[in-house]
file run_33.tsv (TSV, C-alpha atoms)
chain	number	residue	atom	x	y	z
T	1	MET	CA	131.09	222.52	89.31
T	2	ARG	CA	130.57	220.81	85.94
T	3	LEU	CA	127.00	220.00	86.93
T	4	LEU	CA	126.32	223.65	87.73
T	5	TYR	CA	127.85	224.67	84.39
T	6	LEU	CA	125.63	222.21	82.50
T	7	LEU	CA	122.56	223.47	84.33
T	8	PHE	CA	123.52	227.04	83.43
T	9	ILE	CA	123.85	226.15	79.72
T	10	ILE	CA	120.51	224.34	79.80
T	11	CYS	CA	118.83	227.37	81.35
T	12	ILE	CA	120.27	229.65	78.66
T	13	PHE	CA	119.08	227.42	75.83
T	14	SER	CA	115.67	227.10	77.46
T	15	ALA	CA	115.41	230.89	77.66
T	16	PHE	CA	116.39	231.25	74.01
T	17	SER	CA	113.88	228.58	73.02
T	18	HIS	CA	111.12	230.35	74.94
T	19	ALA	CA	112.08	233.72	73.41
T	20	ALA	CA	111.94	232.19	69.93
T	21	ASP	CA	108.34	231.14	70.55
T	22	VAL	CA	107.27	234.77	71.05
T	23	LEU	CA	107.29	237.29	68.21
T	24	THR	CA	107.29	240.90	69.38
T	25	PHE	CA	105.92	243.72	67.28
T	26	GLU	CA	109.34	245.37	67.03
T	27	GLU	CA	110.94	242.18	65.68
T	28	ALA	CA	108.12	241.69	63.20
T	29	GLU	CA	108.41	245.29	62.04
T	30	LYS	CA	112.14	244.92	61.29
T	31	ALA	CA	111.53	241.66	59.42
T	32	MET	CA	108.67	243.21	57.43
T	33	LEU	CA	110.62	246.31	56.34
T	34	ALA	CA	113.55	244.10	55.32
T	35	ALA	CA	111.49	241.62	53.30
T	36	ASN	CA	108.44	243.47	52.00
T	37	PRO	CA	108.85	244.29	48.25
T	38	GLN	CA	107.29	247.75	48.62
T	39	ALA	CA	109.63	248.70	51.45
T	40	VAL	CA	112.69	247.32	49.63
T	41	SER	CA	111.76	249.17	46.42
T	42	ALA	CA	111.25	252.45	48.31
T	43	ALA	CA	114.61	252.09	50.08
T	44	LEU	CA	116.45	251.43	46.80
T	45	THR	CA	114.70	254.36	45.10
T	46	LEU	CA	115.80	256.63	47.95
T	47	GLU	CA	119.40	255.42	47.60
T	48	ALA	CA	119.27	256.17	43.86
T	49	ALA	CA	117.95	259.69	44.56
T	50	ARG	CA	120.76	260.31	47.04
T	51	SER	CA	123.31	259.11	44.49
T	52	ASN	CA	121.84	261.52	41.93
T	53	LEU	CA	122.18	264.34	44.47
T	54	ALA	CA	125.83	263.47	45.05
T	55	SER	CA	126.39	263.38	41.28
T	56	ALA	CA	124.79	266.82	40.89
T	57	ARG	CA	127.03	268.27	43.61
T	58	ASP	CA	130.14	266.77	42.00
T	59	ALA	CA	129.54	268.94	38.95
T	60	LEU	CA	130.64	272.00	40.98
T	61	TYR	CA	134.17	270.63	41.37
T	62	PRO	CA	137.00	270.47	38.80
T	63	ALA	CA	136.95	267.70	36.24
T	64	PHE	CA	140.15	266.24	34.77
T	65	SER	CA	140.57	263.86	31.87
T	66	ALA	CA	143.37	262.18	29.99
T	67	ASN	CA	143.29	261.17	26.33
T	68	GLY	CA	145.58	259.54	23.85
T	69	SER	CA	145.57	258.11	20.34
T	70	TYR	CA	147.96	256.32	17.99
T	71	TYR	CA	147.60	255.28	14.37
T	72	ARG	CA	149.70	254.50	11.32
T	73	GLN	CA	149.13	255.87	7.89
T	74	GLY	CA	150.81	255.84	4.51
T	75	ALA	CA	150.30	255.64	0.74
T	76	GLN	CA	151.19	253.22	-2.06
T	77	ALA	CA	154.92	252.94	-2.65
T	78	LEU	CA	155.60	255.12	0.38
T	79	ARG	CA	156.83	254.03	3.74
T	80	GLY	CA	154.17	254.20	6.42
T	81	TYR	CA	154.63	256.24	9.54
T	82	GLY	CA	152.95	256.46	12.89
T	83	ALA	CA	151.14	259.43	14.38
T	84	TYR	CA	150.15	259.87	18.00
T	85	SER	CA	148.82	262.36	20.48
T	86	TYR	CA	148.23	262.32	24.21
T	87	GLY	CA	147.55	264.89	26.85
T	88	PHE	CA	145.58	266.12	29.82
T	89	SER	CA	142.76	268.62	30.19
T	90	GLY	CA	140.65	270.05	32.97
T	91	THR	CA	137.62	272.29	33.46
T	92	GLN	CA	136.30	274.26	36.41
T	93	PRO	CA	132.85	275.87	36.50
T	94	LEU	CA	133.13	279.50	37.57
T	95	TYR	CA	129.56	280.73	37.42
T	96	VAL	CA	126.96	278.28	36.16
T	97	PRO	CA	123.49	278.97	37.68
T	98	ALA	CA	122.07	275.85	36.04
T	99	LEU	CA	124.28	273.66	38.26
T	100	SER	CA	122.86	275.22	41.43
T	101	ALA	CA	119.34	274.65	40.08
T	102	ALA	CA	120.17	271.00	39.28
T	103	ILE	CA	121.41	270.48	42.83
T	104	SER	CA	118.20	271.99	44.24
T	105	ALA	CA	116.11	269.72	41.98
T	106	SER	CA	118.08	266.62	43.04
T	107	LYS	CA	117.75	267.58	46.69
T	108	ALA	CA	113.97	267.98	46.29
T	109	SER	CA	113.80	264.60	44.54
T	110	ALA	CA	115.69	262.91	47.40
T	111	TRP	CA	113.37	264.56	49.92
T	112	ALA	CA	110.34	263.35	47.98
T	113	MET	CA	111.72	259.80	47.89
T	114	GLN	CA	112.31	259.94	51.65
T	115	ALA	CA	108.69	261.02	52.16
T	116	SER	CA	107.52	258.21	49.89
T	117	LYS	CA	109.56	255.69	51.85
T	118	ASP	CA	108.12	256.99	55.12
T	119	ARG	CA	104.57	256.79	53.71
T	120	ILE	CA	105.03	253.16	52.67
T	121	ALA	CA	106.64	252.25	55.99
T	122	SER	CA	103.79	253.93	57.90
T	123	ALA	CA	101.14	252.11	55.87
T	124	LEU	CA	102.89	248.76	56.35
T	125	ARG	CA	103.35	249.45	60.05
T	126	TYR	CA	99.62	250.14	60.36
T	127	GLN	CA	98.77	246.91	58.53
T	128	LEU	CA	101.15	244.95	60.73
T	129	LYS	CA	99.77	246.42	63.96
T	130	THR	CA	96.17	245.78	62.93
T	131	VAL	CA	96.86	242.19	61.89
T	132	PHE	CA	98.72	241.67	65.18
T	133	ALA	CA	95.67	242.99	67.03
T	134	ASP	CA	93.30	240.92	64.88
T	135	ILE	CA	95.24	237.70	65.56
T	136	LEU	CA	95.40	238.37	69.30
T	137	ASN	CA	91.70	239.19	69.30
T	138	ALA	CA	90.90	236.07	67.27
T	139	ARG	CA	92.80	233.90	69.72
T	140	GLU	CA	91.00	235.50	72.66
T	141	THR	CA	87.72	235.03	70.82
T	142	ILE	CA	88.47	231.34	70.33
T	143	ASN	CA	89.25	231.02	74.05
T	144	LEU	CA	85.94	232.70	74.83
T	145	SER	CA	84.24	230.45	72.30
T	146	GLN	CA	85.64	227.39	74.04
T	147	GLU	CA	84.27	228.70	77.33
T	148	THR	CA	80.93	229.33	75.65
T	149	LEU	CA	80.87	225.80	74.25
T	150	LYS	CA	81.49	224.36	77.70
T	151	ARG	CA	78.82	226.64	79.17
T	152	ARG	CA	76.34	225.70	76.43
T	153	ALA	CA	77.05	221.99	76.98
T	154	ASP	CA	76.52	222.37	80.73
T	155	ASN	CA	73.31	224.26	80.10
T	156	LEU	CA	72.06	221.56	77.75
T	157	GLU	CA	72.80	218.86	80.32
T	158	LEU	CA	71.00	220.91	82.97
T	159	ILE	CA	67.91	221.41	80.78
T	160	ARG	CA	67.92	217.71	79.81
T	161	LEU	CA	67.88	216.68	83.45
T	162	LYS	CA	65.05	219.12	84.18
T	163	TYR	CA	63.14	217.91	81.12
T	164	GLN	CA	63.52	214.29	82.15
T	165	ALA	CA	62.30	215.22	85.61
T	166	GLY	CA	59.27	216.90	84.08
T	167	ARG	CA	60.26	220.36	85.30
T	168	GLU	CA	61.04	221.85	81.88
T	169	ASN	CA	59.38	221.78	78.47
T	170	LYS	CA	60.73	220.30	75.24
T	171	ALA	CA	60.98	223.70	73.54
T	172	ALA	CA	63.58	224.77	76.12
T	173	LEU	CA	65.52	221.53	75.49
T	174	LEU	CA	65.48	222.01	71.70
T	175	GLU	CA	66.37	225.68	71.99
T	176	THR	CA	69.36	224.94	74.26
T	177	ASP	CA	70.54	222.20	71.88
T	178	ALA	CA	70.34	224.64	68.96
T	179	ALA	CA	72.36	227.19	70.96
T	180	LEU	CA	75.09	224.57	71.49
T	181	LYS	CA	75.24	223.71	67.79
T	182	THR	CA	75.37	227.39	66.90
T	183	ALA	CA	78.29	227.84	69.30
T	184	GLN	CA	80.09	224.92	67.63
T	185	TRP	CA	79.58	226.49	64.20
T	186	GLN	CA	80.85	229.86	65.47
T	187	ASP	CA	83.92	228.20	66.96
T	188	ASP	CA	84.79	226.67	63.57
T	189	LYS	CA	84.26	230.07	61.93
T	190	TYR	CA	86.56	231.78	64.44
T	191	LYS	CA	89.27	229.20	63.73
T	192	LYS	CA	88.93	229.79	59.99
T	193	ASP	CA	89.20	233.56	60.50
T	194	LEU	CA	92.33	233.07	62.61
T	195	ARG	CA	93.95	231.01	59.86
T	196	LEU	CA	93.25	233.72	57.29
T	197	LEU	CA	94.79	236.34	59.56
T	198	GLN	CA	97.87	234.19	60.11
T	199	ARG	CA	98.33	233.88	56.35
T	200	ARG	CA	98.03	237.64	56.03
T	201	LEU	CA	100.71	238.14	58.68
T	202	ASN	CA	103.05	235.68	56.94
T	203	ARG	CA	102.56	237.57	53.68
T	204	LEU	CA	103.47	240.87	55.33
T	205	LEU	CA	106.60	239.31	56.82
T	206	GLY	CA	107.62	237.67	53.54
T	207	ARG	CA	107.22	234.17	54.99
T	208	PRO	CA	105.54	231.12	53.41
T	209	ALA	CA	101.78	231.21	53.90
T	210	PRO	CA	101.60	227.80	55.69
T	211	ALA	CA	104.33	228.81	58.19
T	212	PRO	CA	103.17	228.54	61.81
T	213	VAL	CA	102.66	231.79	63.70
T	214	PRO	CA	104.14	231.90	67.21
T	215	GLU	CA	102.73	233.75	70.18
T	216	LEU	CA	102.53	237.47	69.48
T	217	GLN	CA	103.41	240.31	71.81
T	218	LEU	CA	101.89	243.71	71.13
T	219	PRO	CA	102.35	246.66	73.54
T	220	GLN	CA	99.12	248.06	74.91
T	221	PRO	CA	98.17	251.54	73.65
T	222	PRO	CA	99.06	254.36	76.05
T	223	GLU	CA	96.51	256.63	77.61
T	224	PRO	CA	95.56	259.39	75.16
T	225	PRO	CA	96.46	262.96	76.16
T	226	ALA	CA	93.71	265.23	77.37
T	227	ASP	CA	94.08	267.65	74.46
T	228	PHE	CA	95.09	267.34	70.81
T	229	SER	CA	97.57	270.23	71.12
T	230	ALA	CA	99.82	267.94	73.18
T	231	VAL	CA	100.53	265.79	70.10
T	232	ALA	CA	100.06	268.35	67.31
T	233	ALA	CA	103.76	269.29	67.26
T	234	ARG	CA	104.75	265.92	65.79
T	235	LEU	CA	102.73	266.65	62.65
T	236	GLU	CA	105.44	269.01	61.37
T	237	SER	CA	107.50	265.95	60.41
T	238	HIS	CA	104.54	264.19	58.72
T	239	TYR	CA	105.48	262.50	55.46
T	240	SER	CA	102.62	264.21	53.60
T	241	LEU	CA	103.96	267.62	54.59
T	242	SER	CA	107.47	266.51	53.66
T	243	SER	CA	106.18	265.38	50.27
T	244	ALA	CA	104.36	268.69	49.73
T	245	ARG	CA	107.46	270.65	50.75
T	246	ALA	CA	109.55	268.54	48.38
T	247	ALA	CA	107.11	269.32	45.55
T	248	LEU	CA	107.38	273.01	46.40
T	249	ASP	CA	111.18	272.82	46.41
T	250	SER	CA	111.08	271.02	43.07
T	251	ALA	CA	108.91	273.78	41.59
T	252	GLU	CA	111.28	276.41	42.98
T	253	ALA	CA	114.21	274.49	41.47
T	254	SER	CA	112.43	274.56	38.09
T	255	LEU	CA	111.95	278.31	38.52
T	256	GLU	CA	115.64	278.64	39.34
T	257	THR	CA	116.46	276.66	36.20
T	258	SER	CA	114.29	278.98	34.10
T	259	GLN	CA	115.92	282.04	35.66
T	260	SER	CA	119.40	280.62	35.06
T	261	SER	CA	118.64	280.28	31.35
T	262	ILE	CA	118.64	284.09	30.99
T	263	LEU	CA	121.82	284.55	33.04
T	264	PRO	CA	125.40	284.29	31.80
T	265	SER	CA	127.56	281.29	32.61
T	266	ALA	CA	131.34	281.01	32.80
T	267	ASN	CA	133.89	278.27	33.22
T	268	ALA	CA	137.65	277.87	32.99
T	269	SER	CA	139.54	275.22	31.07
T	270	ALA	CA	143.16	274.17	30.61
T	271	GLY	CA	144.95	271.47	28.65
T	272	TYR	CA	148.36	270.18	27.63
T	273	LEU	CA	148.92	268.09	24.50
T	274	TRP	CA	151.81	266.09	23.09
T	275	SER	CA	151.59	265.02	19.47
T	276	GLY	CA	153.86	263.96	16.66
T	277	ALA	CA	154.92	261.19	14.31
T	278	ASN	CA	157.37	258.34	14.69
T	279	TRP	CA	157.83	258.22	18.44
T	280	PRO	CA	159.60	259.66	20.43
T	281	SER	CA	159.38	262.97	18.56
T	282	SER	CA	156.96	264.92	20.73
T	283	PRO	CA	156.15	268.52	19.90
T	284	ASN	CA	153.71	269.81	22.49
T	285	SER	CA	151.14	272.54	22.94
T	286	TRP	CA	149.05	273.92	25.76
T	287	THR	CA	145.87	275.87	26.19
T	288	LEU	CA	144.55	277.93	29.05
T	289	GLY	CA	141.45	280.09	29.03
T	290	ALA	CA	137.95	280.86	30.13
T	291	ALA	CA	134.59	280.92	28.34
T	292	LEU	CA	131.60	283.17	28.89
T	293	SER	CA	128.20	282.79	27.27
T	294	PHE	CA	125.21	285.12	27.49
T	295	PRO	CA	121.77	284.46	25.94
T	296	ILE	CA	120.54	287.29	23.74
T	297	PHE	CA	117.44	286.15	21.86
T	298	SER	CA	115.34	282.97	22.12
T	299	SER	CA	112.05	283.89	20.40
T	300	GLY	CA	110.26	284.26	23.76
T	301	LYS	CA	110.92	280.71	24.99
T	302	LEU	CA	112.89	281.89	28.01
T	303	SER	CA	110.23	284.33	29.22
T	304	SER	CA	107.45	281.77	28.64
T	305	GLY	CA	109.35	279.12	30.57
T	306	LEU	CA	109.95	281.57	33.40
T	307	ASP	CA	106.26	282.47	33.56
T	308	ALA	CA	105.24	278.78	33.62
T	309	ALA	CA	107.74	278.04	36.39
T	310	GLN	CA	106.41	280.92	38.51
T	311	LYS	CA	102.85	279.63	38.17
T	312	ALA	CA	104.02	276.11	39.09
T	313	VAL	CA	105.55	277.52	42.29
T	314	SER	CA	102.26	279.24	43.20
T	315	ALA	CA	100.37	275.99	42.58
T	316	ALA	CA	102.84	274.04	44.75
T	317	GLN	CA	102.40	276.59	47.55
T	318	ALA	CA	98.61	276.11	47.40
T	319	ASP	CA	99.06	272.32	47.45
T	320	TYR	CA	101.28	272.61	50.51
T	321	ARG	CA	98.69	274.68	52.40
T	322	ASN	CA	96.01	272.15	51.45
T	323	ALA	CA	98.19	269.20	52.55
T	324	ARG	CA	98.86	270.92	55.86
T	325	ASP	CA	95.13	271.39	56.53
T	326	GLU	CA	94.36	267.77	55.60
T	327	VAL	CA	97.12	266.40	57.84
T	328	TYR	CA	95.89	268.37	60.85
T	329	LEU	CA	92.22	267.51	60.26
T	330	ASN	CA	92.87	263.79	59.73
T	331	ALA	CA	95.16	263.62	62.76
T	332	GLU	CA	92.62	265.37	64.98
T	333	ASP	CA	89.82	263.05	63.77
T	334	ALA	CA	91.99	260.01	64.54
T	335	PHE	CA	92.89	261.48	67.94
T	336	LEU	CA	89.24	261.96	68.86
T	337	SER	CA	88.44	258.41	67.76
T	338	TRP	CA	91.31	257.14	69.92
T	339	ARG	CA	89.99	259.01	72.96
T	340	GLU	CA	86.49	257.68	72.29
T	341	ALA	CA	87.76	254.10	72.04
T	342	SER	CA	89.73	254.53	75.25
T	343	SER	CA	86.68	255.87	77.09
T	344	TYR	CA	84.49	253.05	75.78
T	345	MET	CA	86.84	250.48	77.35
T	346	ASP	CA	85.61	251.49	80.81
T	347	VAL	CA	82.01	251.16	79.66
T	348	ALA	CA	82.61	247.71	78.15
T	349	LYS	CA	84.46	246.49	81.25
T	350	SER	CA	81.73	247.71	83.61
T	351	SER	CA	79.00	246.16	81.45
T	352	MET	CA	80.82	242.82	81.30
T	353	ASP	CA	81.36	242.75	85.08
T	354	ALA	CA	77.68	243.56	85.68
T	355	ALA	CA	76.60	240.85	83.22
T	356	GLU	CA	78.84	238.29	84.93
T	357	ALA	CA	77.42	239.15	88.36
T	358	ARG	CA	73.83	239.01	87.11
T	359	ALA	CA	74.40	235.73	85.23
T	360	TRP	CA	75.83	234.13	88.36
T	361	LEU	CA	72.85	235.31	90.44
T	362	VAL	CA	70.15	234.28	87.94
T	363	ARG	CA	71.75	230.87	87.43
T	364	LYS	CA	71.59	230.23	91.17
T	365	GLN	CA	67.97	231.43	91.21
T	366	TYR	CA	67.09	229.16	88.29
T	367	LEU	CA	68.65	226.14	89.97
T	368	ALA	CA	66.62	226.96	93.06
T	369	GLY	CA	63.45	227.36	91.02
T	370	GLN	CA	63.20	231.08	91.75
T	371	SER	CA	63.46	232.31	88.14
T	372	SER	CA	62.11	231.15	84.79
T	373	TYR	CA	63.99	229.50	81.99
T	374	PHE	CA	63.49	232.50	79.69
T	375	GLU	CA	64.98	234.92	82.21
T	376	TRP	CA	67.97	232.65	82.71
T	377	ARG	CA	68.44	232.18	78.95
T	378	ASN	CA	68.33	235.93	78.27
T	379	VAL	CA	70.90	236.61	80.97
T	380	GLU	CA	73.21	233.93	79.54
T	381	GLU	CA	72.93	235.46	76.08
T	382	GLU	CA	73.60	238.91	77.48
T	383	LEU	CA	76.75	237.70	79.25
T	384	ILE	CA	78.16	236.16	76.07
T	385	THR	CA	77.33	239.33	74.14
T	386	GLU	CA	79.02	241.55	76.73
T	387	LYS	CA	82.17	239.42	76.67
T	388	ASN	CA	82.35	239.64	72.89
T	389	GLN	CA	81.76	243.38	73.04
T	390	TYR	CA	84.61	243.74	75.52
T	391	LEU	CA	86.95	241.90	73.14
T	392	ALA	CA	85.71	244.11	70.31
T	393	ALA	CA	86.39	247.19	72.46
T	394	GLN	CA	89.96	246.03	73.07
T	395	LEU	CA	90.47	245.52	69.34
T	396	GLY	CA	88.88	248.89	68.61
T	397	LEU	CA	91.25	250.66	71.01
T	398	ILE	CA	94.36	249.12	69.44
T	399	THR	CA	93.09	249.85	65.94
T	400	ALA	CA	92.20	253.44	66.84
T	401	HIS	CA	95.66	254.03	68.28
T	402	ALA	CA	97.26	252.50	65.19
T	403	ALA	CA	95.13	254.77	62.99
T	404	PHE	CA	96.22	257.81	65.00
T	405	SER	CA	99.88	256.78	64.71
T	406	GLN	CA	99.50	256.54	60.94
T	407	ALA	CA	97.59	259.83	60.74
T	408	SER	CA	100.36	261.55	62.72
T	409	GLY	CA	103.02	260.25	60.34
T	410	GLU	CA	104.54	257.48	62.43

call {"tool": "encode", "arguments": {"input": "run_33.tsv", "output": "structure tokens"}}
result
Amino acid sequence: MRLLYLLFIICIFSAFSHAADVLTFEEAEKAMLAANPQAVSAALTLEAARSNLASARDALYPAFSANGSYYRQGAQALRGYGAYSYGFSGTQPLYVPALSAAISASKASAWAMQASKDRIASALRYQLKTVFADILNARETINLSQETLKRRADNLELIRLKYQAGRENKAALLETDAALKTAQWQDDKYKKDLRLLQRRLNRLLGRPAPAPVPELQLPQPPEPPADFSAVAARLESHYSLSSARAALDSAEASLETSQSSILPSANASAGYLWSGANWPSSPNSWTLGAALSFPIFSSGKLSSGLDAAQKAVSAAQADYRNARDEVYLNAEDAFLSWREASSYMDVAKSSMDAAEARAWLVRKQYLAGQSSYFEWRNVEEELITEKNQYLAAQLGLITAHAAFSQASGE
């Protein structure tokens, strides 16, 4: 039984160790949003805006305060005496339009900060997804490069044997040797590019640049819908539209503030005060009342401010309509690019399969002396090109889907 228990523990730790060697996109996204300075700053700014909104709402409720003072005073040759006062007071807004306008402005500010936070998160998410795709593509490219190196080395050995047997010319030998050296140079370049991408990922995640990057796991893009209308509904929650609506609400709050400046305001107040000299003598007094103020003349400042606020609302409405058009156009463009990239995957796969079949056939024909060196070389080059184009098509599909997700506000 103890042996089975030990084996079970070992299996669990092995599973955890294997899981730690794979970084999923969801885990990386959480780490990035928690560590990236832009995301942290946007989250704190949003919290501050929400606190300001709560503070503005609190102004609608009663406010109470307590106060007290004590001091001694006297004159030369006279005995000093103490004086004190203490009491309580409270106020309650009854009709203060400016408070409602302040709440609307704070609410618009919080909405704008939420839109800003969503914009930053979307941009970072796009960067993370593209660097994930770039790293995966770079690793696949290096694997393909290693295969190409082996193929080039085999080709060089084949041409050398044919040259030594007098069945091939020296130009073919030198050309094949140059192709091998070029492949070695490209392999080193691919490794350098991968290292740069790994450093970029570590920077996004807030990790040290030299930190090793584990295996990455990125979900494959789904099949795009047949029509853009199937995904257009999600654009209503786009952060750009939210930002434009927040700007419109802010302009309307400013208009409300200007309108409130020509309206009366009223509030109620009450207080109770104890005061006297030489404690505990405590005569007291109380107050209870209400105040009403009404603007009468302001040299035209109120009407000018109201006119400016109305024009600002009209401008914000125009900006909102423009933002709506831009969001829909950009999202549709990204959707069409996504569909195009998805369709091209079939083309790239078919071309690569055809190139592989033709390369296999021509190689057999060349070994049997039924095809020329130049035909065989061209087919080999075409195969390598088609494989690289297929990898590029995979990267293009992931990038196009990421661009659509960002354009749709995700």

call {"tool": "residues_around", "arguments": {"input": "run_33.tsv", "residues": "range 110-121 of chain T", "least_positions_apart": "6", "cutoff": "8 Å", "atoms": "all atoms listed in the file", "output": "number ranges by chain"}}
result
T: 33, 38-39, 42-43, 45-46, 49-50, 53, 239-240, 242-243, 246-247, 409

call {"tool": "residues_near_point", "arguments": {"input": "run_33.tsv", "point": "(105.8, 278.9, 37.3)", "cutoff": "12 Å", "atoms": "only C-alpha atoms", "output": "list in words"}}
result
Leu248, Ser250, Ala251, Glu252, Ala253, Ser254, Leu255, Glu256, Thr257, Ser258, Gln259, Ser303, Ser304, Gly305, Leu306, Asp307, Ala308, Ala309, Gln310, Lys311, Ala312, Val313, Ser314, Ala315, Ala316 and Gln317 of chain T

call {"tool": "atom_distance", "arguments": {"input": "run_33.tsv", "atom1": "CA of Ser405 in chain T", "atom2": "CA of Pro222 in chain T"}}
result
11.6 Å

call {"tool": "atom_distance", "arguments": {"input": "run_33.tsv", "atom1": "CA of Leu158 in chain T", "atom2": "CA of Asp187 in chain T"}}
result
21.8 Å

call {"tool": "atom_distance", "arguments": {"input": "run_33.tsv", "atom1": "CA of Glu147 in chain T", "atom2": "CA of Gly166 in chain T"}}
result
28.5 Å

call {"tool": "residues_around", "arguments": {"input": "run_33.tsv", "residues": "Leu173 in chain T", "least_positions_apart": "6", "cutoff": "12 Å", "atoms": "only C-alpha atoms", "output": "MDAnalysis selection string"}}
result
chainID T and resid 152:153 155:164 166:167 179:180 373:374 377

call {"tool": "closest_atom_pairs", "arguments": {"input": "run_33.tsv", "of": "range 155-200 of chain T", "to": "range 124-131 of chain T", "cutoff": "10 Å", "atoms": "only C-alpha atoms", "output": "JSON lines"}}
result
{"residue": "T:Leu197", "atom": "CA", "partner": "T:Val131", "partner_atom": "CA", "distance": 6.6}
{"residue": "T:Gln198", "atom": "CA", "partner": "T:Val131", "partner_atom": "CA", "distance": 8.3}
{"residue": "T:Arg200", "atom": "CA", "partner": "T:Val131", "partner_atom": "CA", "distance": 7.5}

call {"tool": "closest_residue", "arguments": {"input": "run_33.tsv", "among": "T:Ser342, T:Ser122, T:Arg245, T:Glu168", "to": "Ala407 in chain T", "atoms": "only C-alpha atoms"}}
result
T:Ser122

call {"tool": "closest_residue", "arguments": {"input": "run_33.tsv", "among": "T:Asn202, T:Ser372, T:Gln217, T:Ser51", "to": "Met32 in chain T", "atoms": "all atoms listed in the file"}}
result
T:Asn202

call {"tool": "closest_residue", "arguments": {"input": "run_33.tsv", "among": "T:Leu395, T:Leu99, T:Ala31, T:Ala172", "to": "Ile135 in chain T", "atoms": "all atoms listed in the file"}}
result
T:Leu395

call {"tool": "residues_around", "arguments": {"input": "run_33.tsv", "residues": "range 84-92 of chain T", "least_positions_apart": "3", "cutoff": "6 Å", "atoms": "all atoms listed in the file", "output": "list in words"}}
result
Pro62, Ala63, Phe64, Ser65, Ala66, Asn67, Gly68, Ser69, Tyr70, Asn267, Ala268, Ser269, Ala270, Gly271, Tyr272, Leu273, Trp274, Ser275 and Gly276 of chain T

call {"tool": "closest_residue", "arguments": {"input": "run_33.tsv", "among": "T:Ala54, T:Ala138, T:Leu241, T:Leu235", "to": "Arg195 in chain T", "atoms": "all atoms listed in the file"}}
result
T:Ala138

call {"tool": "residues_near_point", "arguments": {"input": "run_33.tsv", "point": "(86.6, 239.0, 72.2)", "cutoff": "7 Å", "atoms": "all atoms listed in the file", "output": "PyMOL selection string"}}
result
chain T and resi 137+140-141+144+387-392
